[in-house]
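Student: target39.pdb is reproduced in full below (PDB, C-alpha atoms).
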```
ATOM      1  CA  MET C   1      23.738  14.745 -19.055
ATOM      2  CA  GLN C   2      26.559  12.228 -19.244
ATOM      3  CA  LYS C   3      27.664  10.706 -22.486
ATOM      4  CA  GLU C   4      26.060   7.347 -23.018
ATOM      5  CA  ASN C   5      26.872   4.104 -24.728
ATOM      6  CA  LYS C   6      23.511   3.273 -26.224
ATOM      7  CA  SER C   7      22.191   0.602 -28.483
ATOM      8  CA  ASN C   8      18.686   0.563 -29.841
ATOM      9  CA  VAL C   9      17.864  -1.737 -26.920
ATOM     10  CA  GLU C  10      19.103  -0.309 -23.641
ATOM     11  CA  PHE C  11      20.842   2.468 -21.749
ATOM     12  CA  ILE C  12      24.268   1.553 -20.337
ATOM     13  CA  PRO C  13      25.792   4.003 -17.827
ATOM     14  CA  GLN C  14      29.345   5.041 -18.704
ATOM     15  CA  PHE C  15      32.003   6.202 -16.264
ATOM     16  CA  GLU C  16      33.740   9.472 -17.168
ATOM     17  CA  LYS C  17      37.135  10.788 -16.089
ATOM     18  CA  ALA C  18      35.374  14.057 -15.297
ATOM     19  CA  PHE C  19      33.811  12.331 -12.276
ATOM     20  CA  TYR C  20      37.167  12.725 -10.482
ATOM     21  CA  HIS C  21      36.755  16.523 -10.587
ATOM     22  CA  PRO C  22      36.381  18.254  -7.182
ATOM     23  CA  ARG C  23      32.850  19.354  -8.052
ATOM     24  CA  TYR C  24      31.793  15.716  -7.673
ATOM     25  CA  TRP C  25      33.599  15.057  -4.400
ATOM     26  CA  GLY C  26      30.455  15.769  -2.390
ATOM     27  CA  VAL C  27      28.568  13.093  -4.317
ATOM     28  CA  TRP C  28      31.405  10.601  -3.788
ATOM     29  CA  LEU C  29      31.477  11.404  -0.069
ATOM     30  CA  GLY C  30      27.734  10.977   0.280
ATOM     31  CA  THR C  31      27.802   7.724  -1.694
ATOM     32  CA  GLY C  32      30.631   6.337   0.442
ATOM     33  CA  LEU C  33      28.818   7.300   3.625
ATOM     34  CA  MET C  34      25.603   5.648   2.459
ATOM     35  CA  ALA C  35      27.517   2.494   1.490
ATOM     36  CA  ALA C  36      29.189   2.363   4.902
ATOM     37  CA  ILE C  37      25.890   2.851   6.739
ATOM     38  CA  SER C  38      24.313   0.063   4.658
ATOM     39  CA  LEU C  39      26.754  -2.424   6.249
ATOM     40  CA  ILE C  40      25.375  -1.667   9.725
ATOM     41  CA  PRO C  41      22.618  -4.127  10.707
ATOM     42  CA  ALA C  42      19.259  -2.661   9.744
ATOM     43  CA  PRO C  43      17.707  -2.778  13.246
ATOM     44  CA  MET C  44      20.569  -0.592  14.468
ATOM     45  CA  ARG C  45      20.637   1.929  11.644
ATOM     46  CA  ASP C  46      16.905   2.375  10.924
ATOM     47  CA  PRO C  47      16.010   4.375  14.078
ATOM     48  CA  ILE C  48      18.926   6.731  13.426
ATOM     49  CA  LEU C  49      18.063   7.108   9.746
ATOM     50  CA  GLY C  50      14.433   7.739  10.653
ATOM     51  CA  ALA C  51      15.401  10.531  13.047
ATOM     52  CA  ILE C  52      17.706  12.087  10.456
ATOM     53  CA  GLY C  53      14.957  11.883   7.844
ATOM     54  CA  LYS C  54      12.429  13.606  10.096
ATOM     55  CA  PHE C  55      14.898  16.376  10.853
ATOM     56  CA  ALA C  56      15.641  16.830   7.142
ATOM     57  CA  GLY C  57      11.905  17.019   6.516
ATOM     58  CA  LYS C  58      11.619  19.959   8.907
ATOM     59  CA  VAL C  59      14.285  22.007   7.112
ATOM     60  CA  ALA C  60      13.483  20.980   3.514
ATOM     61  CA  LYS C  61      10.809  23.655   3.210
ATOM     62  CA  GLY C  62      10.144  23.294  -0.522
ATOM     63  CA  ALA C  63       9.732  19.518  -0.415
ATOM     64  CA  ARG C  64       7.599  19.696   2.721
ATOM     65  CA  ARG C  65       5.354  22.337   1.177
ATOM     66  CA  ARG C  66       4.757  20.139  -1.902
ATOM     67  CA  ALA C  67       3.871  17.208   0.348
ATOM     68  CA  ARG C  68       1.498  19.368   2.380
ATOM     69  CA  ILE C  69      -0.254  20.599  -0.753
ATOM     70  CA  ASN C  70      -0.540  17.098  -2.220
ATOM     71  CA  LEU C  71      -2.027  15.714   0.985
ATOM     72  CA  LEU C  72      -4.380  18.693   1.374
ATOM     73  CA  TYR C  73      -5.775  17.997  -2.099
ATOM     74  CA  CYS C  74      -5.699  14.189  -1.896
ATOM     75  CA  LEU C  75      -6.627  13.514   1.744
ATOM     76  CA  PRO C  76      -8.528  16.633   2.891
ATOM     77  CA  GLU C  77     -10.697  14.551   5.224
ATOM     78  CA  LEU C  78      -7.724  13.968   7.526
ATOM     79  CA  PRO C  79      -6.960  16.480  10.279
ATOM     80  CA  GLU C  80      -3.909  18.580   9.490
ATOM     81  CA  SER C  81      -2.084  17.033  12.443
ATOM     82  CA  GLU C  82      -2.497  13.588  10.886
ATOM     83  CA  ARG C  83      -1.290  14.824   7.502
ATOM     84  CA  GLU C  84       1.763  16.302   9.220
ATOM     85  CA  HIS C  85       2.386  12.932  10.873
ATOM     86  CA  ILE C  86       2.241  11.219   7.474
ATOM     87  CA  ILE C  87       4.805  13.692   6.143
ATOM     88  CA  ASP C  88       7.121  13.124   9.110
ATOM     89  CA  GLU C  89       6.894   9.361   8.648
ATOM     90  CA  MET C  90       7.463   9.761   4.897
ATOM     91  CA  PHE C  91      10.698  11.655   5.523
ATOM     92  CA  ALA C  92      11.733   8.942   7.995
ATOM     93  CA  THR C  93      11.003   6.210   5.456
ATOM     94  CA  ALA C  94      12.988   7.891   2.658
ATOM     95  CA  PRO C  95      16.566   7.396   4.002
ATOM     96  CA  GLN C  96      15.683   3.979   5.412
ATOM     97  CA  SER C  97      14.557   2.815   1.958
ATOM     98  CA  MET C  98      17.497   4.442   0.156
ATOM     99  CA  VAL C  99      20.007   2.744   2.443
ATOM    100  CA  LEU C 100      18.160  -0.541   1.910
ATOM    101  CA  MET C 101      18.884  -0.109  -1.803
ATOM    102  CA  ALA C 102      22.523   0.668  -0.975
ATOM    103  CA  GLU C 103      22.667  -2.497   1.149
ATOM    104  CA  LEU C 104      21.408  -4.495  -1.811
ATOM    105  CA  ALA C 105      24.089  -2.895  -3.984
ATOM    106  CA  CYS C 106      26.943  -3.483  -1.517
ATOM    107  CA  THR C 107      26.169  -6.937  -0.142
ATOM    108  CA  ASN C 108      24.839 -10.336  -1.131
ATOM    109  CA  PRO C 109      21.123 -10.138  -2.060
ATOM    110  CA  GLU C 110      20.423 -13.042   0.314
ATOM    111  CA  ARG C 111      21.099 -10.666   3.209
ATOM    112  CA  VAL C 112      18.201  -8.464   2.087
ATOM    113  CA  LEU C 113      15.932 -11.307   0.943
ATOM    114  CA  LYS C 114      15.895 -12.643   4.514
ATOM    115  CA  ARG C 115      13.965  -9.500   5.481
ATOM    116  CA  VAL C 116      11.508  -9.581   2.563
ATOM    117  CA  ARG C 117       7.951 -10.902   2.627
ATOM    118  CA  TRP C 118       6.325 -11.487  -0.762
ATOM    119  CA  HIS C 119       2.528 -11.330  -0.913
ATOM    120  CA  GLY C 120       0.834 -12.701  -4.035
ATOM    121  CA  GLU C 121       3.667 -14.584  -5.749
ATOM    122  CA  ASP C 122       1.060 -17.135  -6.860
ATOM    123  CA  VAL C 123      -0.276 -14.427  -9.202
ATOM    124  CA  LEU C 124       3.007 -14.453 -11.105
ATOM    125  CA  GLU C 125       3.165 -18.246 -11.226
ATOM    126  CA  LYS C 126      -0.279 -18.362 -12.827
ATOM    127  CA  ILE C 127       0.748 -15.750 -15.413
ATOM    128  CA  ARG C 128       3.881 -17.783 -16.202
ATOM    129  CA  GLN C 129       1.765 -20.874 -16.777
ATOM    130  CA  GLU C 130      -0.484 -18.891 -19.126
ATOM    131  CA  GLY C 131       2.567 -17.813 -21.127
ATOM    132  CA  ARG C 132       1.827 -14.101 -20.816
ATOM    133  CA  ASN C 133       4.331 -11.284 -20.509
ATOM    134  CA  VAL C 134       4.302  -9.062 -17.419
ATOM    135  CA  ILE C 135       4.318  -5.309 -16.842
ATOM    136  CA  PHE C 136       4.259  -4.243 -13.202
ATOM    137  CA  LEU C 137       2.305  -1.087 -12.397
ATOM    138  CA  VAL C 138       4.262   0.369  -9.464
ATOM    139  CA  PRO C 139       3.277   3.540  -7.577
ATOM    140  CA  HIS C 140       6.176   5.860  -6.839
ATOM    141  CA  GLY C 141       7.179   4.659  -3.369
ATOM    142  CA  TRP C 142      10.526   5.238  -1.681
ATOM    143  CA  ALA C 143      11.597   1.598  -2.072
ATOM    144  CA  VAL C 144      10.372   1.459  -5.661
ATOM    145  CA  ASP C 145      13.597   0.093  -7.195
ATOM    146  CA  VAL C 146      14.166  -2.681  -4.661
ATOM    147  CA  PRO C 147      11.573  -5.268  -5.838
ATOM    148  CA  ALA C 148      12.881  -5.091  -9.415
ATOM    149  CA  MET C 149      16.463  -5.552  -8.219
ATOM    150  CA  LEU C 150      15.442  -8.508  -6.041
ATOM    151  CA  MET C 151      13.584 -10.205  -8.880
ATOM    152  CA  ALA C 152      16.603  -9.681 -11.137
ATOM    153  CA  ALA C 153      18.848 -11.133  -8.419
ATOM    154  CA  LYS C 154      16.597 -14.215  -8.364
ATOM    155  CA  GLY C 155      17.135 -14.676 -12.099
ATOM    156  CA  GLN C 156      14.132 -12.943 -13.663
ATOM    157  CA  PRO C 157      15.131 -10.544 -16.494
ATOM    158  CA  MET C 158      13.704  -7.077 -15.766
ATOM    159  CA  ALA C 159      13.255  -3.939 -17.893
ATOM    160  CA  ALA C 160      12.384  -0.443 -16.710
ATOM    161  CA  MET C 161      12.048   3.096 -18.011
ATOM    162  CA  PHE C 162      13.628   6.014 -16.153
ATOM    163  CA  HIS C 163      14.352   9.729 -16.277
ATOM    164  CA  ASN C 164      18.022  10.763 -16.312
ATOM    165  CA  GLN C 165      19.208  12.609 -13.191
ATOM    166  CA  SER C 166      20.451  16.165 -13.672
ATOM    167  CA  ASN C 167      23.767  15.371 -11.936
ATOM    168  CA  PRO C 168      25.776  13.101 -14.296
ATOM    169  CA  LEU C 169      27.573  11.257 -11.494
ATOM    170  CA  VAL C 170      24.356  10.602  -9.577
ATOM    171  CA  ASP C 171      22.839   9.374 -12.849
ATOM    172  CA  TYR C 172      25.770   7.018 -13.405
ATOM    173  CA  LEU C 173      25.805   5.630  -9.861
ATOM    174  CA  TRP C 174      22.052   5.231  -9.511
ATOM    175  CA  ASN C 175      21.589   3.427 -12.816
ATOM    176  CA  SER C 176      24.670   1.273 -12.252
ATOM    177  CA  VAL C 177      23.115   0.096  -8.978
ATOM    178  CA  ARG C 178      19.787  -0.575 -10.687
ATOM    179  CA  ARG C 179      21.573  -2.747 -13.261
ATOM    180  CA  LYS C 180      23.726  -4.651 -10.754
ATOM    181  CA  PHE C 181      21.861  -7.947 -11.176
ATOM    182  CA  GLY C 182      21.193  -7.593 -14.891
ATOM    183  CA  GLY C 183      18.139  -6.387 -16.730
ATOM    184  CA  ARG C 184      17.701  -3.418 -18.999
ATOM    185  CA  MET C 185      17.264   0.300 -18.376
ATOM    186  CA  HIS C 186      15.459   2.387 -20.987
ATOM    187  CA  ALA C 187      15.741   6.179 -20.887
ATOM    188  CA  ARG C 188      12.389   7.897 -21.409
ATOM    189  CA  ASN C 189      13.959  10.349 -23.844
ATOM    190  CA  ASP C 190      14.703   7.370 -26.127
ATOM    191  CA  GLY C 191      10.974   6.680 -26.482
ATOM    192  CA  ILE C 192       8.919   3.690 -25.454
ATOM    193  CA  LYS C 193       9.769   1.281 -28.295
ATOM    194  CA  PRO C 194      12.902  -0.208 -26.659
ATOM    195  CA  PHE C 195      10.875  -0.948 -23.502
ATOM    196  CA  ILE C 196       8.160  -2.631 -25.564
ATOM    197  CA  SER C 197      10.792  -4.702 -27.360
ATOM    198  CA  SER C 198      12.232  -5.923 -24.053
ATOM    199  CA  VAL C 199       8.824  -6.931 -22.677
ATOM    200  CA  ARG C 200       8.037  -8.811 -25.883
ATOM    201  CA  GLN C 201      11.306 -10.694 -25.420
ATOM    202  CA  GLY C 202      10.214 -11.916 -21.988
ATOM    203  CA  TYR C 203      11.647  -9.245 -19.712
ATOM    204  CA  TRP C 204       9.242  -8.262 -16.954
ATOM    205  CA  GLY C 205       8.497  -4.569 -17.355
ATOM    206  CA  TYR C 206       8.405  -1.974 -14.601
ATOM    207  CA  TYR C 207       6.085   0.981 -15.174
ATOM    208  CA  LEU C 208       5.438   3.921 -12.821
ATOM    209  CA  PRO C 209       1.899   5.211 -13.479
ATOM    210  CA  ASP C 210       1.757   8.356 -11.374
ATOM    211  CA  GLN C 211       4.103  10.825 -13.048
ATOM    212  CA  ASP C 212       2.595  13.963 -14.573
ATOM    213  CA  HIS C 213       3.222  13.964 -18.339
ATOM    214  CA  GLY C 214       1.118  17.013 -19.143
ATOM    215  CA  ALA C 215      -2.357  17.381 -20.596
ATOM    216  CA  GLU C 216      -1.832  16.561 -24.267
ATOM    217  CA  HIS C 217      -2.028  12.763 -24.077
ATOM    218  CA  SER C 218      -3.423  12.440 -20.550
ATOM    219  CA  GLU C 219      -6.910  12.011 -19.154
ATOM    220  CA  PHE C 220      -8.190  14.064 -16.222
ATOM    221  CA  VAL C 221      -9.543  11.455 -13.821
ATOM    222  CA  ASP C 222     -10.148  11.137 -10.088
ATOM    223  CA  PHE C 223      -7.119  10.670  -7.851
ATOM    224  CA  PHE C 224      -7.908  10.275  -4.170
ATOM    225  CA  ALA C 225     -10.111  13.310  -3.336
ATOM    226  CA  THR C 226      -8.932  15.408  -6.291
ATOM    227  CA  TYR C 227      -8.094  14.649  -9.936
ATOM    228  CA  LYS C 228      -4.907  14.119 -11.851
ATOM    229  CA  ALA C 229      -3.634  14.227 -15.427
ATOM    230  CA  THR C 230      -3.018  10.508 -15.989
ATOM    231  CA  LEU C 231      -1.390   8.935 -19.039
ATOM    232  CA  PRO C 232      -3.423   5.801 -19.922
ATOM    233  CA  ALA C 233      -0.396   4.109 -21.436
ATOM    234  CA  VAL C 234      -0.826   0.695 -19.816
ATOM    235  CA  GLY C 235      -3.857  -0.015 -21.989
ATOM    236  CA  ARG C 236      -1.761   0.267 -25.135
ATOM    237  CA  LEU C 237       1.197  -1.507 -23.535
ATOM    238  CA  MET C 238      -1.048  -4.366 -22.499
ATOM    239  CA  LYS C 239      -2.105  -4.922 -26.105
ATOM    240  CA  VAL C 240       1.155  -4.410 -27.983
ATOM    241  CA  CYS C 241       3.189  -6.409 -25.438
ATOM    242  CA  LYS C 242       0.529  -9.085 -24.880
ATOM    243  CA  ALA C 243       1.194  -8.512 -21.206
ATOM    244  CA  ALA C 244      -0.619  -8.823 -17.921
ATOM    245  CA  ILE C 245      -0.642  -5.505 -16.036
ATOM    246  CA  VAL C 246       0.201  -6.429 -12.442
ATOM    247  CA  PRO C 247       0.016  -3.823  -9.624
ATOM    248  CA  LEU C 248       2.911  -4.034  -7.156
ATOM    249  CA  PHE C 249       3.934  -1.934  -4.166
ATOM    250  CA  PRO C 250       6.817  -2.210  -1.659
ATOM    251  CA  VAL C 251       6.383  -1.133   1.980
ATOM    252  CA  TYR C 252       9.449  -0.780   4.200
ATOM    253  CA  ASN C 253       8.833  -0.897   7.940
ATOM    254  CA  GLY C 254      11.597   0.963   9.731
ATOM    255  CA  LYS C 255      10.496  -0.427  13.104
ATOM    256  CA  THR C 256      10.863  -4.085  12.079
ATOM    257  CA  SER C 257      13.358  -3.559   9.202
ATOM    258  CA  MET C 258      11.143  -5.752   7.018
ATOM    259  CA  LEU C 259      10.118  -5.113   3.409
ATOM    260  CA  ASP C 260       6.649  -6.264   2.367
ATOM    261  CA  ILE C 261       6.084  -6.525  -1.390
ATOM    262  CA  THR C 262       2.432  -6.795  -2.408
ATOM    263  CA  ILE C 263       1.576  -8.259  -5.830
ATOM    264  CA  CYS C 264      -2.051  -7.896  -6.921
ATOM    265  CA  ALA C 265      -4.215  -9.669  -9.456
ATOM    266  CA  PRO C 266      -3.658  -8.564 -13.067
ATOM    267  CA  MET C 267      -5.800  -5.735 -14.415
ATOM    268  CA  ASP C 268      -7.450  -7.860 -17.088
ATOM    269  CA  ASP C 269     -10.529  -5.626 -17.079
ATOM    270  CA  LEU C 270      -8.522  -3.077 -19.102
ATOM    271  CA  ALA C 271      -8.778  -5.146 -22.277
ATOM    272  CA  GLU C 272     -12.046  -3.568 -23.459
ATOM    273  CA  ALA C 273     -11.854  -0.277 -21.536
ATOM    274  CA  ASP C 274     -11.612   3.174 -23.130
ATOM    275  CA  GLU C 275      -8.775   5.536 -22.205
ATOM    276  CA  GLN C 276     -10.792   7.407 -19.591
ATOM    277  CA  ARG C 277     -11.580   4.166 -17.797
ATOM    278  CA  ILE C 278      -7.991   2.898 -18.135
ATOM    279  CA  ALA C 279      -6.642   6.089 -16.555
ATOM    280  CA  ARG C 280      -9.110   5.891 -13.701
ATOM    281  CA  ARG C 281      -8.325   2.203 -13.078
ATOM    282  CA  MET C 282      -4.629   3.062 -12.872
ATOM    283  CA  ASN C 283      -5.355   5.670 -10.222
ATOM    284  CA  GLU C 284      -7.656   3.275  -8.364
ATOM    285  CA  GLU C 285      -4.794   0.817  -8.050
ATOM    286  CA  VAL C 286      -2.480   3.559  -6.778
ATOM    287  CA  GLU C 287      -5.095   4.548  -4.182
ATOM    288  CA  ASP C 288      -5.623   0.933  -3.050
ATOM    289  CA  LEU C 289      -1.899   0.247  -2.707
ATOM    290  CA  VAL C 290      -0.868   3.568  -1.171
ATOM    291  CA  GLY C 291      -3.927   4.097   1.070
ATOM    292  CA  PRO C 292      -2.951   1.700   3.887
ATOM    293  CA  ASN C 293       0.618   3.045   4.015
ATOM    294  CA  PRO C 294       0.598   6.666   2.801
ATOM    295  CA  GLU C 295       3.996   7.369   4.387
ATOM    296  CA  GLN C 296       5.602   5.109   1.772
ATOM    297  CA  TYR C 297       4.564   7.370  -1.122
ATOM    298  CA  THR C 298       6.689  10.178  -2.580
ATOM    299  CA  TRP C 299       4.299  13.005  -1.797
ATOM    300  CA  ILE C 300       7.101  15.512  -2.476
ATOM    301  CA  LEU C 301       6.637  15.110  -6.248
ATOM    302  CA  LYS C 302       4.590  17.598  -8.272
ATOM    303  CA  LEU C 303       1.860  15.023  -8.764
ATOM    304  CA  LEU C 304      -0.877  17.595  -9.448
ATOM    305  CA  LYS C 305       1.021  20.060 -11.633
ATOM    306  CA  THR C 306      -1.247  19.802 -14.692
ATOM    307  CA  ARG C 307      -4.708  21.213 -14.033
ATOM    308  CA  LYS C 308      -7.810  21.795 -16.079
ATOM    309  CA  ALA C 309      -8.155  25.033 -18.019
ATOM    310  CA  GLY C 310      -8.673  28.019 -15.742
ATOM    311  CA  GLU C 311      -7.391  26.313 -12.586
ATOM    312  CA  MET C 312      -4.102  27.392 -11.037
ATOM    313  CA  GLU C 313      -1.368  24.852 -10.400
ATOM    314  CA  PRO C 314      -1.508  24.121  -6.640
ATOM    315  CA  TYR C 315       2.209  24.675  -6.121
ATOM    316  CA  MET C 316       1.892  28.211  -7.530
ATOM    317  CA  ARG C 317      -0.788  29.252  -5.043
ATOM    318  CA  ASP C 318       0.460  31.869  -2.616
ATOM    319  CA  ASP C 319      -2.321  31.086  -0.135
ATOM    320  CA  LEU C 320      -1.080  27.549   0.594
ATOM    321  CA  TYR C 321       1.591  26.942   3.242
ATOM    322  CA  ARG C 322       3.724  30.009   2.617
TER     323      ARG C 322
END
```
If you took the structure in this file and wrote it as structure tokens, what would it be?

Tutor:
Amino acid sequence: MQKENKSNVEFIPQFEKAFYHPRYWGVWLGTGLMAAISLIPAPMRDPILGAIGKFAGKVAKGARRRARINLLYCLPELPESEREHIIDEMFATAPQSMVLMAELACTNPERVLKRVRWHGEDVLEKIRQEGRNVIFLVPHGWAVDVPAMLMAAKGQPMAAMFHNQSNPLVDYLWNSVRRKFGGRMHARNDGIKPFISSVRQGYWGYYLPDQDHGAEHSEFVDFFATYKATLPAVGRLMKVCKAAIVPLFPVYNGKTSMLDITICAPMDDLAEADEQRIARRMNEEVEDLVGPNPEQYTWILKLLKTRKAGEMEPYMRDDLYR
């Protein structure tokens, strides 16, 4: 991991001379190529990026296998041909969404905002009038970073937690892009207190609810047609931050080159709920947001890694998609 310039408030990416070393030249080349492609009008580049993504999805056997297993467990009612179609469309969406983020990093945000449709902005206006803080509950979609960057570009201070990337240069570049329009980044290995502090100060928080944090502090609750170890953290965050928990999900349409950002009513029913109910409500929101557009979700993650005692981790099963 790269050396960091940290305060007790935020993570600030630091450039290192070591990034000039030949071992990083591939990353620089890929970054330059992505930046150049982002300058091509979206209607021209998206079909090409979609085709490249689908091809990559055919050869990325490990990632495709994880997606197949996740969809088998979560959406078993669908024919396998339909699940395969979802996976193909997911791999098409991935580079389209990543280049959209690169476009936002390399150009004026107004260029991207012209292709954005916001649904439910009145929800946020009402919360502002009530004087409450905000924490967005955002399922792990491919365009997940873009709404936060756009809100920051429009002047709203944002704060988010993240995991450091294993490649130091990728970590530096990615987090530098995320911070382009201001806001604060909080590394998960620094704990949750800096994030809480930012939200209390009026920064709108960004929380991803669907990562697997293990069994110790999680609840096993339904997730689509299976179950998932779910950390019911938003219940505590809601109380200590005096915040409204607001579900949000971005959907990028590679055929129209439009980004739809859906903002839902706050989850005020969590106030008196126990942790089991909080965890289930979090998963319900993920299901409701992801269900209409499953290709937008990062099914390649090990979403179902933690299982109940006596049950094998799905990704370790030799009988599935070998």

Student: What would the selection look like, as a ChimeraX atom specification, if the PyMOL selection byres ((chain C and resi 294-311) around 9) were run on the coordinates I just shared?

Tutor: /C:62-71,73,85-94,139-143,210-215,220,226-229,250-252,289-293,312-315

Student: Show me, as a list in words, the residues that have an atom within 8 Å of stretch 254-260 of chain C when counting only C-alpha atoms, minus same-chain residues fewer than 4 positions from it.

Tutor: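 Those residues are Ala42, Pro43, Asp46, Pro47, Gly50, Thr93, Gln96, Arg115, Val116, Arg117, Trp118, His119 and Pro250 of chain C.
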
Student: Got a sec to resolve the PyMOL selection byres ((chain C and resi 148-164) around 8) on this structure and send the residues as a count of residues only?

Tutor: 31

Student: Select, from C:Ala225, C:Thr230, C:Trp174, C:Lys239, the residue with the minimum atom-to-atom distance to C:Leu75, counting all atoms listed in the file.

Tutor: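 Result for the nearest residue to C:Leu75: C:Ala225.
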
Student: One decimal, Å: what's the distance from atom CA of C:Ala279 over to atom CA of C:Ser97, could you say?

Tutor: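 Interatomic distance, atom CA of C:Ala279 to atom CA of C:Ser97: 28.3 Å.
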
Student: Between atom CA of C:Leu270 and atom CA of C:Val286, what is the distance in Å, rounded to a tenth?

Tutor: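 So the two atoms, atom CA of C:Leu270 and atom CA of C:Val286, lie 15.2 Å apart.
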
Student: Provide the atom CA of C:Lys126 to atom CA of C:Glu110 distance in Å, to one decimal place.

Tutor: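 These atoms are spaced 25.1 Å apart.
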
Student: Anything within 6 Å of (1.0, -3.4, -15.0): list those residues as a VMD selection string, counting only C-alpha atoms and sticking to the file's coordinates.

Tutor: chain C and resid 135 to 137 245 to 247

Student: Can you give me N, CA and C atoms for stretch 259-270 of chain C, written as a compact mmCIF listing (two decimals), in the frame of the given file?

Tutor:
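After the write, rebuild.txt holds the following:
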```
# COMPACT_ATOMS: atom_id res chain seq x y z
N LEU C 259 10.70 -5.64 4.64
CA LEU C 259 10.12 -5.11 3.41
C LEU C 259 9.00 -6.04 2.97
N ASP C 260 7.80 -5.50 2.88
CA ASP C 260 6.65 -6.26 2.37
C ASP C 260 6.38 -5.83 0.93
N ILE C 261 6.34 -6.80 0.03
CA ILE C 261 6.08 -6.52 -1.39
C ILE C 261 4.75 -7.16 -1.76
N THR C 262 3.77 -6.33 -2.07
CA THR C 262 2.43 -6.80 -2.41
C THR C 262 2.26 -6.87 -3.92
N ILE C 263 1.84 -8.03 -4.41
CA ILE C 263 1.58 -8.26 -5.83
C ILE C 263 0.10 -8.56 -5.97
N CYS C 264 -0.60 -7.77 -6.79
CA CYS C 264 -2.05 -7.90 -6.92
C CYS C 264 -2.44 -8.64 -8.20
N ALA C 265 -3.71 -8.99 -8.27
CA ALA C 265 -4.22 -9.67 -9.46
C ALA C 265 -4.07 -8.78 -10.69
N PRO C 266 -3.83 -9.37 -11.85
CA PRO C 266 -3.66 -8.56 -13.07
C PRO C 266 -4.91 -7.77 -13.42
N MET C 267 -4.70 -6.64 -14.06
CA MET C 267 -5.80 -5.74 -14.42
C MET C 267 -6.39 -6.14 -15.77
N ASP C 268 -6.94 -7.34 -15.82
CA ASP C 268 -7.45 -7.86 -17.09
C ASP C 268 -8.70 -7.13 -17.57
N ASP C 269 -9.34 -6.37 -16.68
CA ASP C 269 -10.53 -5.63 -17.08
C ASP C 269 -10.19 -4.46 -17.99
N LEU C 270 -8.91 -4.17 -18.21
CA LEU C 270 -8.52 -3.08 -19.10
C LEU C 270 -8.67 -3.43 -20.57
```
